[in-house]
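First up is the structure itself, then whatever we jot down about it.
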Amino acid sequence: MSVTEQARRARDAANALAVATRTAKDAALAAMADALVARTPEILAANTADLAAGRAAGLTAAVLDRLALDEGRVAGIADALRQMAALPDPVGEVVRGSTLPNGLELRQIRVPFGVVGIVYEARPNVTVDAAGICLKSGNAALLRGSSSAAHSNAALVAVLRDAVASTGLPADAVQLLDAASRDSVKELMRARGLVDVLIPRGGAALIRTVVEESTVPVIETGVGNCHVYVDAAADVAKAVAVTLNAKTQRLSTCNTAESLLVHAGIADTFLPPVLEAFAEAGVTVHGDERVAAHSAAVVPATEEDFATEYLSADISVAVVDSLDAAVAHIRRYGTGHTEAIVTESTTAARDFVARVDAAAVMVNASTRFTDGGEFGFGAEIGISTQKLHARGPMGLPELTSTKYVVTGDGHLRG
């Protein structure tokens, strides 16, 4: 089936979803969750095939980690759907309303986008998250995953479509595009008028291609070169703990810290324990000369290191002479995703928050908290690093647009 035909079927499904009740949508989400758990063996069998092919193709450990599923991960994905069902339905929410001086009643309400296309790499969980969040917000989802996850995605979508249909909603609310052909991506990017918005999730090259070549409006999710800045007024033990969690809690995510900046005033106290902690965790430190002076294990950092989203057990580290220098470094190398400061100074924290331009800024907390689930949004569609139409973790409200409803009583404009 062509992408155009799938998009037409998605639009028909979107028309039905737009008027579906919250009860109907939540029932579908619950059925999807139950089906994932009940059919876990077939999902894991498909995932095993993808992992075997990935190892044979030489995929990195980080990519294989993103690709891997087990019973616990499948259960977690199902739980995210149940949590989503418990969230308020954004469709129909009144954003603002008033009675105009002429007596007209004005309401701005949330409405679904319609058909949402998602292009993503490796992560099978995105298949379920995207399908669920689109359905809850009244949108039909066209999913184009990577060939590395083709078996897993096909199994997941088969389960989800059966579950949705069992509740009376259209199965075409969730469709998977062919991952074997690059033409499917090109067709999706050119399906303006059938697809309302396109969301890319993955590496810098994928995102850049979609942003630059799509005629469909794009919400850009970005690369995460996230920084932790340890201020002169930081508590050393707290700073070590936050930094280690930000880097090592999970290496392959976009909210993992890739760069560490240390104020010169605390470097001699902070660097020895954090470098030791990194060594114990198997993290390779790419540091400047002042960092290297504290450990022979430090690899000299290059310009490229400071600009790299590693997604691996590597981190770039630099000593800076001031908060101003830290902010300047972040402005140069950061990607607008998540930046963190560790400090006991309220003044420094406020200054950092005000001057750093990012979707999320953490104060004395790990960068790993930039996540729709952690923010209480349920499963997210992605983390937007642009400023229109959404920024940061995109939950249910971010998958809607608005329209104005104006109610009069024979009102005429003079």
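Chains: A, B, ... in order of the structure tokens. Residues: from 1 per chain. Ligands: from 1, in order shown.
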Using backbone DSSP assignments, extract all strand (DSSP E or B) residues from region 10-245 of chain A; output them as an NGL selection string.
:A and (94-99 or 105-112 or 115-120 or 140-144 or 174-176 or 192 or 195 or 197-201 or 218 or 221 or 226-230)
Counting only C-alpha atoms, which residues of region 306-399 of chain A sit at most 9 Å from some atom of region 256-269 of chain A, and what is each one's closest atom pair with its distance in Å to one decimal, listed by chain and rising residue number, as CSV?
```
residue,atom,partner,partner_atom,distance
A:Phe306,CA,A:Ser259,CA,6.8
A:Ala307,CA,A:Ser259,CA,8.8
A:Thr308,CA,A:Glu258,CA,7.4
A:Glu309,CA,A:Glu258,CA,6.0
A:Tyr310,CA,A:Glu258,CA,6.4
A:Leu311,CA,A:Thr256,CA,7.6
A:Ser312,CA,A:Glu258,CA,8.8
A:Asp314,CA,A:Glu258,CA,7.3
A:Ile315,CA,A:Glu258,CA,5.0
A:Ser316,CA,A:Ser259,CA,4.7
A:Val317,CA,A:Leu260,CA,4.6
A:Ala318,CA,A:Leu261,CA,5.1
A:Val319,CA,A:Val262,CA,4.7
A:Val320,CA,A:His263,CA,5.0
A:Asp321,CA,A:Ala264,CA,5.2
A:Ser322,CA,A:His263,CA,6.1
A:Leu323,CA,A:His263,CA,7.4
A:Ala326,CA,A:Leu261,CA,6.6
A:His329,CA,A:Leu261,CA,8.6
A:Thr338,CA,A:Ala257,CA,8.5
A:Glu339,CA,A:Ala257,CA,8.4
A:Ala340,CA,A:Ala257,CA,8.9
A:Ser366,CA,A:Ala257,CA,8.4
A:Thr367,CA,A:Thr256,CA,6.3
A:Arg368,CA,A:Thr256,CA,5.8
```
Across A:Ala68, A:Ala7, A:Ala16, A:Ala171, the smallest distance to Asn47 (chain A), with only C-alpha atoms counted, is shown by A:Ala68
Would you list, as JSON, numbers by chain, the residues of region 173-396 of chain A that end up in helix (DSSP H, G or I) under DSSP run on this structure's backbone?
{"A": [173, 183, 184, 185, 186, 187, 188, 189, 204, 205, 206, 207, 208, 209, 210, 211, 212, 213, 236, 237, 238, 239, 240, 241, 242, 243, 244, 245, 246, 247, 248, 264, 265, 266, 267, 268, 269, 270, 271, 272, 273, 274, 275, 276, 277, 278, 279, 280, 281, 289, 290, 291, 292, 303, 304, 305, 306, 323, 324, 325, 326, 327, 328, 329, 330, 331, 332, 333, 346, 347, 348, 349, 350, 351, 352, 353, 354, 355, 367, 368, 369]}
Take the residues from that selection and put them in a file with C-alpha atoms, as a tab-separated table (two decimals), in the first residue's frame.
```tsv
chain	number	residue	atom	x	y	z
A	173	ALA	CA	-5.73	5.15	13.83
A	183	ASP	CA	10.81	6.33	-0.51
A	184	SER	CA	8.29	5.94	2.31
A	185	VAL	CA	9.99	8.75	4.23
A	186	LYS	CA	10.13	10.96	1.15
A	187	GLU	CA	6.44	10.35	0.41
A	188	LEU	CA	5.52	11.10	4.02
A	189	MET	CA	7.48	14.35	3.95
A	204	ALA	CA	20.98	14.91	14.11
A	205	ALA	CA	21.14	13.72	10.51
A	206	LEU	CA	17.58	12.37	10.53
A	207	ILE	CA	16.17	15.49	12.15
A	208	ARG	CA	18.04	17.81	9.78
A	209	THR	CA	16.83	15.88	6.73
A	210	VAL	CA	13.18	16.02	7.81
A	211	VAL	CA	13.34	19.71	8.76
A	212	GLU	CA	15.05	20.74	5.54
A	213	GLU	CA	13.20	18.53	3.03
A	236	VAL	CA	30.55	18.65	46.40
A	237	ALA	CA	28.76	15.45	47.42
A	238	LYS	CA	25.52	16.65	45.81
A	239	ALA	CA	27.37	17.72	42.68
A	240	VAL	CA	29.09	14.35	42.29
A	241	ALA	CA	25.80	12.50	42.71
A	242	VAL	CA	23.89	14.71	40.26
A	243	THR	CA	26.66	14.59	37.67
A	244	LEU	CA	27.05	10.82	37.87
A	245	ASN	CA	23.29	10.26	37.56
A	246	ALA	CA	23.01	12.70	34.66
A	247	LYS	CA	25.73	10.83	32.76
A	248	THR	CA	25.32	7.18	33.74
A	264	ALA	CA	37.77	26.92	38.84
A	265	GLY	CA	36.99	27.84	42.44
A	266	ILE	CA	35.77	24.31	43.24
A	267	ALA	CA	37.77	22.29	40.70
A	268	ASP	CA	40.49	21.08	43.10
A	269	THR	CA	37.83	19.82	45.53
A	270	PHE	CA	35.29	18.46	43.07
A	271	LEU	CA	37.32	16.95	40.24
A	272	PRO	CA	39.14	14.20	42.20
A	273	PRO	CA	35.97	12.51	43.49
A	274	VAL	CA	33.98	12.93	40.26
A	275	LEU	CA	36.84	11.61	38.11
A	276	GLU	CA	37.14	8.63	40.44
A	277	ALA	CA	33.39	8.05	40.20
A	278	PHE	CA	33.56	8.21	36.41
A	279	ALA	CA	36.42	5.72	36.36
A	280	GLU	CA	34.48	3.29	38.54
A	281	ALA	CA	31.48	3.66	36.22
A	289	GLU	CA	44.41	20.70	30.42
A	290	ARG	CA	43.13	21.74	33.84
A	291	VAL	CA	41.02	18.60	34.08
A	292	ALA	CA	43.86	16.39	32.84
A	303	GLU	CA	36.73	21.04	19.77
A	304	GLU	CA	34.65	18.18	18.40
A	305	ASP	CA	34.37	16.56	21.84
A	306	PHE	CA	32.66	19.63	23.29
A	323	LEU	CA	29.40	31.44	35.59
A	324	ASP	CA	29.67	33.83	32.64
A	325	ALA	CA	32.21	31.52	31.02
A	326	ALA	CA	29.95	28.50	31.64
A	327	VAL	CA	27.00	30.23	29.99
A	328	ALA	CA	29.18	31.26	27.04
A	329	HIS	CA	30.37	27.66	26.62
A	330	ILE	CA	26.77	26.38	26.69
A	331	ARG	CA	25.66	29.00	24.17
A	332	ARG	CA	28.45	27.87	21.85
A	333	TYR	CA	28.05	24.11	22.13
A	346	THR	CA	20.25	31.32	44.90
A	347	THR	CA	21.75	34.23	42.98
A	348	ALA	CA	23.85	31.95	40.78
A	349	ALA	CA	20.87	29.67	40.15
A	350	ARG	CA	18.62	32.54	39.14
A	351	ASP	CA	21.30	34.01	36.88
A	352	PHE	CA	21.89	30.66	35.17
A	353	VAL	CA	18.17	30.01	34.66
A	354	ALA	CA	17.64	33.48	33.21
A	355	ARG	CA	20.57	33.39	30.80
A	367	THR	CA	19.29	16.33	33.37
A	368	ARG	CA	17.60	12.91	33.15
A	369	PHE	CA	14.40	14.43	34.55
```
Which neighbours of Arg201 (chain A) fall inside 9 Å, counting only C-alpha atoms, when residues of the same chain fewer than 5 positions from it are skipped, and could you give them as a PyMOL selection string?
chain A and resi 118-121+126+206-207+220-222+381-383
Residues within 12 Å of Leu100 (chain A), only C-alpha atoms, excluding chain neighbours under 6 positions, as a PDB file with all heavy atoms, in the first residue's frame:
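out_21.pdb, written as the output of this step:
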```pdb
ATOM      1  N   LEU A 106     -17.123  34.102  23.045  1.00  0.00           N
ATOM      2  CA  LEU A 106     -15.901  33.658  22.365  1.00  0.00           C
ATOM      3  C   LEU A 106     -15.216  32.583  23.187  1.00  0.00           C
ATOM      4  O   LEU A 106     -14.984  32.760  24.387  1.00  0.00           O
ATOM      5  CB  LEU A 106     -14.955  34.847  22.177  1.00  0.00           C
ATOM      6  CG  LEU A 106     -13.587  34.552  21.553  1.00  0.00           C
ATOM      7  CD1 LEU A 106     -13.737  34.189  20.094  1.00  0.00           C
ATOM      8  CD2 LEU A 106     -12.658  35.753  21.725  1.00  0.00           C
ATOM      9  N   ARG A 107     -14.908  31.444  22.552  1.00  0.00           N
ATOM     10  CA  ARG A 107     -14.153  30.382  23.219  1.00  0.00           C
ATOM     11  C   ARG A 107     -13.060  29.882  22.281  1.00  0.00           C
ATOM     12  O   ARG A 107     -13.300  29.683  21.090  1.00  0.00           O
ATOM     13  CB  ARG A 107     -15.052  29.204  23.593  1.00  0.00           C
ATOM     14  CG  ARG A 107     -16.045  29.455  24.712  1.00  0.00           C
ATOM     15  CD  ARG A 107     -16.876  28.206  24.986  1.00  0.00           C
ATOM     16  NE  ARG A 107     -17.663  27.850  23.812  1.00  0.00           N
ATOM     17  CZ  ARG A 107     -17.867  26.607  23.389  1.00  0.00           C
ATOM     18  NH1 ARG A 107     -17.310  25.587  24.039  1.00  0.00           N
ATOM     19  NH2 ARG A 107     -18.609  26.347  22.328  1.00  0.00           N
ATOM     20  N   VAL A 406     -17.346  30.923  18.098  1.00  0.00           N
ATOM     21  CA  VAL A 406     -18.002  32.202  18.377  1.00  0.00           C
ATOM     22  C   VAL A 406     -19.516  31.993  18.289  1.00  0.00           C
ATOM     23  O   VAL A 406     -20.032  31.561  17.256  1.00  0.00           O
ATOM     24  CB  VAL A 406     -17.551  33.275  17.365  1.00  0.00           C
ATOM     25  CG1 VAL A 406     -18.210  34.617  17.696  1.00  0.00           C
ATOM     26  CG2 VAL A 406     -16.034  33.404  17.345  1.00  0.00           C
ATOM     27  N   THR A 407     -20.214  32.299  19.376  1.00  0.00           N
ATOM     28  CA  THR A 407     -21.667  32.062  19.454  1.00  0.00           C
ATOM     29  C   THR A 407     -22.408  33.386  19.614  1.00  0.00           C
ATOM     30  O   THR A 407     -22.096  34.163  20.529  1.00  0.00           O
ATOM     31  CB  THR A 407     -22.005  31.139  20.631  1.00  0.00           C
ATOM     32  OG1 THR A 407     -21.277  29.915  20.501  1.00  0.00           O
ATOM     33  CG2 THR A 407     -23.497  30.833  20.656  1.00  0.00           C
ATOM     34  N   GLY A 408     -23.314  33.638  18.719  1.00  0.00           N
ATOM     35  CA  GLY A 408     -24.085  34.877  18.786  1.00  0.00           C
ATOM     36  C   GLY A 408     -25.576  34.586  18.753  1.00  0.00           C
ATOM     37  O   GLY A 408     -26.028  33.431  18.846  1.00  0.00           O
ATOM     38  N   HIS A 411     -26.107  38.045  15.473  1.00  0.00           N
ATOM     39  CA  HIS A 411     -25.219  39.204  15.454  1.00  0.00           C
ATOM     40  C   HIS A 411     -24.758  39.539  14.030  1.00  0.00           C
ATOM     41  O   HIS A 411     -24.433  38.651  13.247  1.00  0.00           O
ATOM     42  CB  HIS A 411     -23.983  38.934  16.310  1.00  0.00           C
ATOM     43  CG  HIS A 411     -24.218  39.093  17.768  1.00  0.00           C
ATOM     44  ND1 HIS A 411     -25.084  38.290  18.482  1.00  0.00           N
ATOM     45  CD2 HIS A 411     -23.707  39.986  18.669  1.00  0.00           C
ATOM     46  CE1 HIS A 411     -25.084  38.660  19.762  1.00  0.00           C
ATOM     47  NE2 HIS A 411     -24.259  39.686  19.895  1.00  0.00           N
TER      48      HIS A 411
END
```
Measure the distance from CA of Ala158 (chain A) to CA of Pro88 (chain A) in Å and round it to one decimal.
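Computing it gives 26.9 Å between the two atoms.
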Need to verify the contact set: Ala155 (chain A), 12 Å, only C-alpha atoms, exclusion of same-chain residues closer than 3 positions in sequence. Can you return it as a count of residues only?
29
Spatial neighbours of Val116 (chain A), max dist 6 Å, only C-alpha atoms, sep filter under 5 positions, as a PyMOL selection string
chain A and resi 141+197-198
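Among the candidates A:Gly138, A:Gln249, A:Leu412, A:Val228, the one nearest to Asn15 (chain A) when counting only C-alpha atoms is A:Gly138.
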Would you kindly return, as a ChimeraX atom specification, each protein, DNA or RNA residue with an atom no farther than 9 Å from any atom of Asp89 (chain A), considering only C-alpha atoms and excluding same-chain residues fewer than 3 positions away?
/A:22,85-86,92-93,136-137,396-397
Requested write-out: all heavy atoms of the selected residues, as a short mmCIF file (atom, residue, chain, number, x, y, z; two decimals), in the first residue's frame:
```cif
data_model
loop_
_atom_site.label_atom_id
_atom_site.label_comp_id
_atom_site.auth_asym_id
_atom_site.auth_seq_id
_atom_site.Cartn_x
_atom_site.Cartn_y
_atom_site.Cartn_z
N ARG A 22 -13.97 10.63 25.49
CA ARG A 22 -12.84 10.23 26.31
C ARG A 22 -13.00 8.78 26.75
O ARG A 22 -12.01 8.03 26.77
CB ARG A 22 -12.72 11.12 27.55
CG ARG A 22 -11.64 10.63 28.49
CD ARG A 22 -11.45 11.43 29.74
NE ARG A 22 -10.43 10.78 30.58
CZ ARG A 22 -9.97 11.28 31.71
NH1 ARG A 22 -10.43 12.43 32.17
NH2 ARG A 22 -9.06 10.63 32.39
N ALA A 85 -4.23 6.99 29.98
CA ALA A 85 -5.69 6.92 30.05
C ALA A 85 -6.23 7.68 31.26
O ALA A 85 -7.35 8.20 31.22
CB ALA A 85 -6.13 5.46 30.11
N ALA A 86 -5.43 7.76 32.31
CA ALA A 86 -5.87 8.45 33.53
C ALA A 86 -5.73 9.97 33.43
O ALA A 86 -6.25 10.70 34.27
CB ALA A 86 -5.07 7.94 34.72
N GLY A 92 -11.24 19.60 23.39
CA GLY A 92 -12.40 20.32 23.90
C GLY A 92 -12.10 21.25 25.07
O GLY A 92 -12.96 22.03 25.49
N GLU A 93 -10.87 21.17 25.59
CA GLU A 93 -10.50 22.05 26.70
C GLU A 93 -10.59 23.51 26.25
O GLU A 93 -10.12 23.87 25.17
CB GLU A 93 -9.09 21.74 27.17
CG GLU A 93 -8.57 22.69 28.25
CD GLU A 93 -7.08 22.52 28.52
OE1 GLU A 93 -6.49 21.54 28.01
OE2 GLU A 93 -6.51 23.36 29.22
N LYS A 136 -5.02 9.34 22.20
CA LYS A 136 -5.63 10.06 23.33
C LYS A 136 -5.95 11.50 22.95
O LYS A 136 -6.96 12.07 23.38
CB LYS A 136 -4.69 10.03 24.53
CG LYS A 136 -5.15 10.85 25.73
CD LYS A 136 -6.21 10.14 26.56
CE LYS A 136 -6.55 10.97 27.79
NZ LYS A 136 -7.36 10.24 28.77
N SER A 137 -5.10 12.10 22.11
CA SER A 137 -5.32 13.49 21.71
C SER A 137 -6.15 13.60 20.44
O SER A 137 -6.27 14.69 19.86
CB SER A 137 -3.97 14.21 21.52
OG SER A 137 -3.13 13.51 20.63
N LEU A 396 0.15 15.53 25.95
CA LEU A 396 -1.12 15.56 25.23
C LEU A 396 -1.51 16.95 24.70
O LEU A 396 -1.90 17.07 23.54
CB LEU A 396 -2.23 15.00 26.13
CG LEU A 396 -2.11 13.52 26.45
CD1 LEU A 396 -3.09 13.14 27.56
CD2 LEU A 396 -2.36 12.67 25.21
N PRO A 397 -1.42 18.01 25.50
CA PRO A 397 -1.83 19.31 24.97
C PRO A 397 -1.01 19.75 23.76
O PRO A 397 -1.53 20.44 22.87
CB PRO A 397 -1.59 20.26 26.16
CG PRO A 397 -1.66 19.39 27.36
CD PRO A 397 -1.07 18.09 26.93
#
```
CA of Gly372 (chain A) to CA of Ala154 (chain A): how many Å, to one decimal?
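The value is 24.8 Å.
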